[in-house]
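This is coords-v4.cif (mmCIF, C-alpha atoms).
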```cif
data_model
loop_
_atom_site.label_atom_id
_atom_site.label_comp_id
_atom_site.auth_asym_id
_atom_site.auth_seq_id
_atom_site.Cartn_x
_atom_site.Cartn_y
_atom_site.Cartn_z
CA MET T 1 122.12 86.71 78.47
CA PRO T 2 120.84 86.62 82.03
CA ALA T 3 117.74 88.63 82.79
CA PRO T 4 118.49 92.07 84.24
CA ALA T 5 118.13 92.36 88.00
CA PRO T 6 114.89 94.07 89.04
CA THR T 7 115.18 97.71 90.02
CA ARG T 8 115.13 98.18 93.76
CA HIS T 9 112.27 100.22 95.11
CA PRO T 10 113.41 103.66 96.34
CA ALA T 11 112.01 102.83 99.79
CA HIS T 12 113.67 99.39 99.95
CA ASP T 13 116.23 100.27 102.61
CA ALA T 14 113.76 102.25 104.70
CA LEU T 15 111.27 99.39 104.54
CA LEU T 16 113.94 96.88 105.51
CA THR T 17 114.74 99.02 108.55
CA ARG T 18 111.04 99.17 109.45
CA TRP T 19 110.82 95.40 109.15
CA THR T 20 113.92 94.87 111.28
CA ASP T 21 112.62 97.18 114.00
CA LEU T 22 109.21 95.50 113.91
CA LEU T 23 110.49 91.94 114.11
CA THR T 24 112.94 92.85 116.84
CA SER T 25 110.14 94.31 118.95
CA ALA T 26 107.65 91.53 118.12
CA ARG T 27 109.72 88.57 119.28
CA ASP T 28 111.44 87.35 122.41
CA ALA T 29 114.55 85.98 120.68
CA THR T 30 117.58 87.89 119.43
CA THR T 31 118.33 85.49 116.58
CA PRO T 32 118.07 84.77 113.70
CA SER T 33 118.76 88.01 111.87
CA PRO T 34 115.59 89.77 110.70
CA VAL T 35 117.25 90.86 107.45
CA PRO T 36 116.83 87.68 105.32
CA TYR T 37 113.13 87.54 106.20
CA GLY T 38 112.67 91.18 105.25
CA GLU T 39 114.58 90.76 102.01
CA ASP T 40 112.44 87.74 101.12
CA LEU T 41 109.25 89.68 101.74
CA LEU T 42 110.44 92.69 99.74
CA THR T 43 111.43 90.40 96.86
CA ARG T 44 107.93 88.94 96.89
CA TRP T 45 106.29 92.36 96.87
CA ALA T 46 108.42 93.34 93.85
CA GLU T 47 107.44 90.37 91.66
CA PRO T 48 106.82 91.27 88.01
CA GLN T 49 103.21 90.04 87.82
CA ARG T 50 102.13 92.72 90.28
CA ARG T 51 100.73 96.05 89.17
CA TYR T 52 98.66 97.16 92.18
CA HIS T 53 99.74 94.70 94.89
CA THR T 54 103.27 96.11 94.82
CA THR T 55 105.81 97.54 97.23
CA ASP T 56 103.94 100.83 96.96
CA HIS T 57 100.82 99.10 98.28
CA LEU T 58 102.78 97.54 101.15
CA LEU T 59 104.21 100.95 102.03
CA ALA T 60 100.77 102.59 101.88
CA VAL T 61 99.20 99.95 104.14
CA LEU T 62 102.01 100.24 106.68
CA ASP T 63 101.64 104.02 106.70
CA ARG T 64 97.87 103.83 107.15
CA VAL T 65 98.31 101.37 110.04
CA ASP T 66 100.65 103.87 111.67
CA GLU T 67 98.07 106.60 111.04
CA LEU T 68 95.24 104.64 112.65
CA LEU T 69 96.90 103.05 115.66
CA PRO T 70 97.19 106.21 117.81
CA HIS T 71 93.38 106.55 117.64
CA VAL T 72 92.37 103.03 118.72
CA GLN T 73 93.01 100.59 121.55
CA ALA T 74 94.39 97.69 119.53
CA PRO T 75 95.38 94.62 121.57
CA ASP T 76 98.40 93.73 119.43
CA PRO T 77 99.82 96.47 117.18
CA ALA T 78 102.84 94.29 116.35
CA ALA T 79 100.58 91.55 114.96
CA ILE T 80 98.74 94.12 112.86
CA ARG T 81 102.00 95.36 111.37
CA LEU T 82 103.26 91.82 110.78
CA ALA T 83 99.99 90.98 109.04
CA ALA T 84 100.37 94.07 106.85
CA TRP T 85 103.75 92.75 105.69
CA PHE T 86 102.35 89.29 104.95
CA HIS T 87 98.80 89.99 103.76
CA ASP T 88 99.64 89.89 100.03
CA ALA T 89 103.14 88.44 100.25
CA VAL T 90 101.91 85.61 98.03
CA TYR T 91 100.08 87.08 95.08
CA LEU T 92 99.20 85.54 91.75
CA PRO T 93 96.33 87.32 89.97
CA ASP T 94 94.95 84.08 88.51
CA ARG T 95 94.63 82.39 91.92
CA SER T 96 91.87 82.73 94.52
CA THR T 97 93.99 81.39 97.38
CA ASN T 98 96.44 84.25 97.83
CA GLU T 99 95.32 85.14 101.35
CA GLU T 100 95.46 81.52 102.48
CA ARG T 101 98.91 81.04 100.99
CA SER T 102 100.13 84.31 102.47
CA ALA T 103 98.83 83.20 105.87
CA ARG T 104 100.67 79.88 105.54
CA LEU T 105 103.86 81.75 104.70
CA ALA T 106 103.51 83.77 107.91
CA GLU T 107 102.73 80.58 109.83
CA ARG T 108 105.99 79.04 108.62
CA ALA T 109 108.31 82.04 108.74
CA LEU T 110 107.39 83.81 111.95
CA PRO T 111 108.03 80.98 114.43
CA GLU T 112 111.38 80.36 112.76
CA ALA T 113 112.11 84.09 113.14
CA GLY T 114 111.42 83.88 116.88
CA VAL T 115 107.90 85.33 117.12
CA PRO T 116 105.88 83.81 120.00
CA GLU T 117 103.12 81.42 118.97
CA PRO T 118 100.17 83.55 120.20
CA ARG T 119 101.37 86.47 118.06
CA VAL T 120 101.97 84.16 115.09
CA ALA T 121 98.42 82.85 115.40
CA GLU T 122 97.01 86.37 115.58
CA THR T 123 99.04 87.46 112.56
CA VAL T 124 97.79 84.48 110.55
CA ARG T 125 94.20 85.20 111.58
CA LEU T 126 94.51 88.82 110.52
CA VAL T 127 95.90 87.93 107.11
CA LEU T 128 92.92 85.68 106.53
CA VAL T 129 90.47 88.44 107.51
CA THR T 130 91.66 90.41 104.47
CA THR T 131 89.96 87.79 102.29
CA ASP T 132 86.63 89.61 102.64
CA HIS T 133 87.49 92.72 104.71
CA ASP T 134 84.55 92.07 107.02
CA PRO T 135 85.95 91.83 110.57
CA ALA T 136 83.74 90.98 113.50
CA GLU T 137 82.44 93.80 115.65
CA ASP T 138 85.03 94.96 118.20
CA ASP T 139 87.82 93.01 116.48
CA THR T 140 90.05 96.07 116.68
CA ASN T 141 93.20 94.44 115.34
CA ALA T 142 91.36 93.34 112.20
CA GLU T 143 89.53 96.64 111.88
CA VAL T 144 92.81 98.54 111.74
CA LEU T 145 94.34 96.20 109.16
CA CYS T 146 91.26 96.15 106.93
CA ASP T 147 90.83 99.92 107.10
CA ALA T 148 94.48 100.39 106.16
CA ASP T 149 94.15 97.97 103.25
CA LEU T 150 90.99 99.64 101.91
CA ALA T 151 92.17 103.23 102.36
CA VAL T 152 93.20 103.30 98.70
CA LEU T 153 89.50 103.43 97.84
CA ALA T 154 89.30 106.93 99.30
CA GLY T 155 91.99 108.49 97.13
CA SER T 156 91.55 111.52 94.93
CA PRO T 157 89.78 110.84 91.62
CA GLU T 158 93.17 110.74 89.91
CA ASP T 159 94.68 108.37 92.48
CA TYR T 160 91.61 106.15 92.43
CA GLY T 161 91.73 106.05 88.63
CA ALA T 162 95.37 104.97 88.76
CA TYR T 163 94.48 102.28 91.31
CA ALA T 164 91.63 100.95 89.17
CA ALA T 165 93.86 100.94 86.08
CA ALA T 166 96.55 99.00 87.95
CA VAL T 167 94.00 96.41 89.07
CA ARG T 168 92.86 96.02 85.46
CA GLU T 169 96.47 95.59 84.37
CA GLU T 170 97.02 92.83 86.92
CA TYR T 171 94.07 91.03 85.37
CA SER T 172 95.06 91.72 81.76
CA PHE T 173 94.64 88.02 80.97
CA VAL T 174 90.88 88.31 81.69
CA PRO T 175 88.64 89.35 78.77
CA ASP T 176 86.96 92.74 79.16
CA ASP T 177 83.41 91.45 79.66
CA ALA T 178 84.46 88.95 82.30
CA PHE T 179 86.62 91.51 84.09
CA ARG T 180 83.82 94.08 84.18
CA GLU T 181 81.44 91.51 85.65
CA GLY T 182 83.93 90.32 88.26
CA ARG T 183 85.05 93.81 89.21
CA ALA T 184 81.44 94.97 89.50
CA ASN T 185 80.70 92.08 91.86
CA VAL T 186 83.63 93.08 94.08
CA LEU T 187 82.45 96.68 94.19
CA ARG T 188 78.87 95.66 94.98
CA HIS T 189 80.10 93.46 97.83
CA LEU T 190 82.07 96.31 99.34
CA LEU T 191 79.31 98.87 98.83
CA ALA T 192 76.83 96.51 100.51
CA LEU T 193 78.84 96.46 103.73
CA PRO T 194 77.17 98.63 106.40
CA ARG T 195 80.54 100.29 106.98
CA LEU T 196 83.58 100.03 104.75
CA PHE T 197 85.82 101.43 107.47
CA ARG T 198 85.32 100.06 110.97
CA THR T 199 87.56 102.29 113.05
CA PRO T 200 85.93 105.62 113.93
CA VAL T 201 88.81 107.63 112.48
CA GLY T 202 88.92 105.55 109.30
CA HIS T 203 85.18 105.94 108.84
CA ASP T 204 85.32 109.69 109.36
CA ARG T 205 88.26 110.21 107.01
CA TRP T 206 87.61 107.77 104.20
CA GLU T 207 84.05 106.38 104.08
CA ALA T 208 82.32 109.05 102.00
CA ALA T 209 85.12 109.41 99.45
CA ALA T 210 85.53 105.65 99.05
CA ARG T 211 81.83 105.09 98.44
CA HIS T 212 81.74 107.91 95.91
CA ASN T 213 84.75 106.53 94.05
CA MET T 214 83.40 102.98 93.94
CA ALA T 215 79.92 104.05 92.90
CA THR T 216 81.46 106.08 90.08
CA GLU T 217 83.58 103.13 88.93
CA LEU T 218 80.57 100.81 89.09
CA GLU T 219 78.58 103.22 86.93
CA LEU T 220 81.44 103.39 84.39
CA LEU T 221 81.70 99.60 84.29
CA GLY T 222 78.04 99.38 83.38
CA ALA T 223 78.19 102.09 80.73
#
```
Take the structure in the file and give it back as C-alpha cells.
Amino acid sequence: MPAPAPTRHPAHDALLTRWTDLLTSARDATTPSPVPYGEDLLTRWAEPQRRYHTTDHLLAVLDRVDELLPHVQAPDPAAIRLAAWFHDAVYLPDRSTNEERSARLAERALPEAGVPEPRVAETVRLVLVTTDHDPAEDDTNAEVLCDADLAVLAGSPEDYGAYAAAVREEYSFVPDDAFREGRANVLRHLLALPRLFRTPVGHDRWEAAARHNMATELELLGA
C-alpha cells in the first residue's frame, strides 16, 4: 500500500498566502507563479525527520521577524523574510551543511522566481549568517533574522523544555553521552556571546530569559 499522505499543517494555507504576498512584493517580475515555490518550501519544512525545525518553527520565525521589524531600520525587510523561509529549508540532523545547502537552494530558486540578483545575494548571505548566529555589528538585516531564530530560547520554562526535547528527538540517533557533550558545547557557544539578541528590542524582551533557560539546561546536562 502507498504511504499515507502527510497531514497538512493547520497554517499551510495562511503560510502559502504569506509566501505569495512576500514573493510578489520582493520581485520585479509577475511570473512565474509564486505558488509552486511556496508549496515546495512548505513540503520541505514538513519532512518527517524534523522535530524542532518544523513548520511551527518557520511560522514562529516569520512572526518574530514581523514583531521586530517595526522597531529597527532594516535595509531590506523582504530579504530578511525570504531568508527566514529558506534558512532551514534543507535540514538533515546528521549533516553539518544544512545552512550552506539551504543557501544554495535560495540561490537557485529565487532568480528563477524573478527576484533581483542583489536581493538574492542578500538572502543567501543572511541564510549563511544563521550558521553561527553572530552577525557583524550594525548588520541590521542579519540581526533581525538571528534574533527571530533564537527567540525560542526565551520561552516559558514549559515551552523551552518542549523545544529542548524536540531537539533531542531530532538527534535520537546520537548516543546520550555524545548528545549531552555536543548540546553543551552549543549552549556554551551561545552563552559566551556578548549579546544573544542584537536588536535593542530583542535584547530587552528576550536576553535575560534566554540566558536563564540555557544556563538551566546546561546545568541539567551536567548533572
### Query
Any chance you could work out the residue set of the PyMOL selection byres ((chain T and resi 117-121) around 9) here, as a list in words?
Ala26, Arg27, Asp76, Ala78, Ala79, Leu82, Ala106, Glu107, Leu110, Pro111, Gly114, Val115, Pro116, Glu122, Thr123, Val124, Arg125 and Leu126 of chain T
### Query
Taking (105.1, 89.8, 102.0) in the file's coordinates as the center, which residues reach within 7 Å of it, counting all atoms listed in the file, put as JSON, numbers by chain?
{"T": [41, 42, 44, 45, 85, 86, 87, 88, 89, 90]}
Using only C-alpha atoms, please write the residues we just selected to a file, as a compact mmCIF listing (two decimals), in the coordinates of the input.
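Once written, out-v2.txt looks like this:
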```txt
# COMPACT_ATOMS: atom_id res chain seq x y z
CA LEU T 41 109.25 89.68 101.74
CA LEU T 42 110.44 92.69 99.74
CA ARG T 44 107.93 88.94 96.89
CA TRP T 45 106.29 92.36 96.87
CA TRP T 85 103.75 92.75 105.69
CA PHE T 86 102.35 89.29 104.95
CA HIS T 87 98.80 89.99 103.76
CA ASP T 88 99.64 89.89 100.03
CA ALA T 89 103.14 88.44 100.25
CA VAL T 90 101.91 85.61 98.03
```
#### Entry: Answer as a PyMOL selection string, residues within 9 Å of (80.7, 103.5, 101.7) using all atoms listed in the file
chain T and resi 190-197+203+206-212+214-215
May I have the selected residues written with C-alpha atoms, as a PDB file, in the frame of the given file?
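selection-v6.pdb written:
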```pdb
ATOM      1  CA  LEU T 190      82.070  96.310  99.340  1.00  0.00           C
ATOM      2  CA  LEU T 191      79.310  98.870  98.830  1.00  0.00           C
ATOM      3  CA  ALA T 192      76.830  96.510 100.510  1.00  0.00           C
ATOM      4  CA  LEU T 193      78.840  96.460 103.730  1.00  0.00           C
ATOM      5  CA  PRO T 194      77.170  98.630 106.400  1.00  0.00           C
ATOM      6  CA  ARG T 195      80.540 100.290 106.980  1.00  0.00           C
ATOM      7  CA  LEU T 196      83.580 100.030 104.750  1.00  0.00           C
ATOM      8  CA  PHE T 197      85.820 101.430 107.470  1.00  0.00           C
ATOM      9  CA  HIS T 203      85.180 105.940 108.840  1.00  0.00           C
ATOM     10  CA  TRP T 206      87.610 107.770 104.200  1.00  0.00           C
ATOM     11  CA  GLU T 207      84.050 106.380 104.080  1.00  0.00           C
ATOM     12  CA  ALA T 208      82.320 109.050 102.000  1.00  0.00           C
ATOM     13  CA  ALA T 209      85.120 109.410  99.450  1.00  0.00           C
ATOM     14  CA  ALA T 210      85.530 105.650  99.050  1.00  0.00           C
ATOM     15  CA  ARG T 211      81.830 105.090  98.440  1.00  0.00           C
ATOM     16  CA  HIS T 212      81.740 107.910  95.910  1.00  0.00           C
ATOM     17  CA  MET T 214      83.400 102.980  93.940  1.00  0.00           C
ATOM     18  CA  ALA T 215      79.920 104.050  92.900  1.00  0.00           C
TER      19      ALA T 215
END
```
### Message
Between CA of Arg64 in chain T and CA of Asn141 in chain T, what distance in Å does the model show, to one decimal?
### Response
13.3 Å
### Message
Between CA of Asp66 in chain T and CA of Arg198 in chain T, what distance in Å does the model show, to one decimal?
### Response
15.8 Å
Kindly complete range 174-185 of chain T to all heavy atoms; the output should be written as a short mmCIF file (atom, residue, chain, number, x, y, z; two decimals), in the coordinates of the input.
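So part-v1.cif came out as:
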```
data_model
loop_
_atom_site.label_atom_id
_atom_site.label_comp_id
_atom_site.auth_asym_id
_atom_site.auth_seq_id
_atom_site.Cartn_x
_atom_site.Cartn_y
_atom_site.Cartn_z
N VAL T 174 92.33 88.52 81.63
CA VAL T 174 90.88 88.31 81.69
C VAL T 174 90.21 89.15 80.61
O VAL T 174 90.47 90.36 80.52
CB VAL T 174 90.32 88.68 83.08
CG1 VAL T 174 88.81 88.50 83.12
CG2 VAL T 174 91.00 87.86 84.16
N PRO T 175 89.34 88.56 79.79
CA PRO T 175 88.64 89.35 78.77
C PRO T 175 87.83 90.49 79.41
O PRO T 175 87.39 90.40 80.56
CB PRO T 175 87.72 88.32 78.10
CG PRO T 175 88.36 87.00 78.38
CD PRO T 175 89.01 87.12 79.72
N ASP T 176 87.60 91.53 78.63
CA ASP T 176 86.96 92.74 79.16
C ASP T 176 85.60 92.46 79.80
O ASP T 176 85.31 92.94 80.90
CB ASP T 176 86.79 93.77 78.04
CG ASP T 176 88.10 94.46 77.68
OD1 ASP T 176 89.05 94.39 78.49
OD2 ASP T 176 88.18 95.06 76.60
N ASP T 177 84.76 91.69 79.12
CA ASP T 177 83.41 91.45 79.66
C ASP T 177 83.49 90.71 80.99
O ASP T 177 82.78 91.06 81.95
CB ASP T 177 82.57 90.65 78.67
CG ASP T 177 82.16 91.48 77.47
OD1 ASP T 177 82.33 92.72 77.51
OD2 ASP T 177 81.66 90.89 76.48
N ALA T 178 84.33 89.71 81.06
CA ALA T 178 84.46 88.95 82.30
C ALA T 178 85.06 89.80 83.41
O ALA T 178 84.65 89.71 84.57
CB ALA T 178 85.33 87.71 82.07
N PHE T 179 86.03 90.64 83.06
CA PHE T 179 86.62 91.51 84.09
C PHE T 179 85.58 92.49 84.62
O PHE T 179 85.48 92.70 85.83
CB PHE T 179 87.81 92.28 83.53
CG PHE T 179 88.38 93.24 84.53
CD1 PHE T 179 89.26 92.79 85.52
CD2 PHE T 179 88.02 94.58 84.52
CE1 PHE T 179 89.76 93.68 86.47
CE2 PHE T 179 88.52 95.47 85.46
CZ PHE T 179 89.39 95.01 86.44
N ARG T 180 84.82 93.11 83.72
CA ARG T 180 83.82 94.08 84.18
C ARG T 180 82.82 93.43 85.12
O ARG T 180 82.45 94.00 86.14
CB ARG T 180 83.10 94.70 82.97
CG ARG T 180 83.92 95.77 82.25
CD ARG T 180 83.05 96.59 81.32
NE ARG T 180 82.51 95.79 80.24
CZ ARG T 180 83.12 95.63 79.06
NH1 ARG T 180 84.29 96.21 78.84
NH2 ARG T 180 82.58 94.91 78.12
N GLU T 181 82.40 92.20 84.79
CA GLU T 181 81.44 91.51 85.65
C GLU T 181 82.07 91.19 87.02
O GLU T 181 81.44 91.43 88.06
CB GLU T 181 80.98 90.22 84.98
CG GLU T 181 79.97 89.44 85.81
CD GLU T 181 79.52 88.16 85.13
OE1 GLU T 181 79.96 87.91 84.00
OE2 GLU T 181 78.72 87.42 85.73
N GLY T 182 83.27 90.66 87.00
CA GLY T 182 83.93 90.32 88.26
C GLY T 182 84.22 91.53 89.11
O GLY T 182 84.01 91.53 90.33
N ARG T 183 84.73 92.59 88.48
CA ARG T 183 85.05 93.81 89.21
C ARG T 183 83.77 94.43 89.78
O ARG T 183 83.76 94.91 90.93
CB ARG T 183 85.76 94.79 88.29
CG ARG T 183 86.13 96.11 88.91
CD ARG T 183 87.16 95.97 90.00
NE ARG T 183 87.51 97.27 90.56
CZ ARG T 183 88.22 97.44 91.66
NH1 ARG T 183 88.65 96.39 92.34
NH2 ARG T 183 88.51 98.64 92.10
N ALA T 184 82.71 94.42 89.01
CA ALA T 184 81.44 94.97 89.50
C ALA T 184 80.95 94.20 90.72
O ALA T 184 80.43 94.79 91.68
CB ALA T 184 80.40 94.95 88.39
N ASN T 185 81.13 92.89 90.71
CA ASN T 185 80.70 92.08 91.86
C ASN T 185 81.51 92.44 93.11
O ASN T 185 80.95 92.50 94.22
CB ASN T 185 80.85 90.60 91.55
CG ASN T 185 79.81 90.09 90.58
OD1 ASN T 185 78.74 90.70 90.43
ND2 ASN T 185 80.11 89.01 89.89
#
```
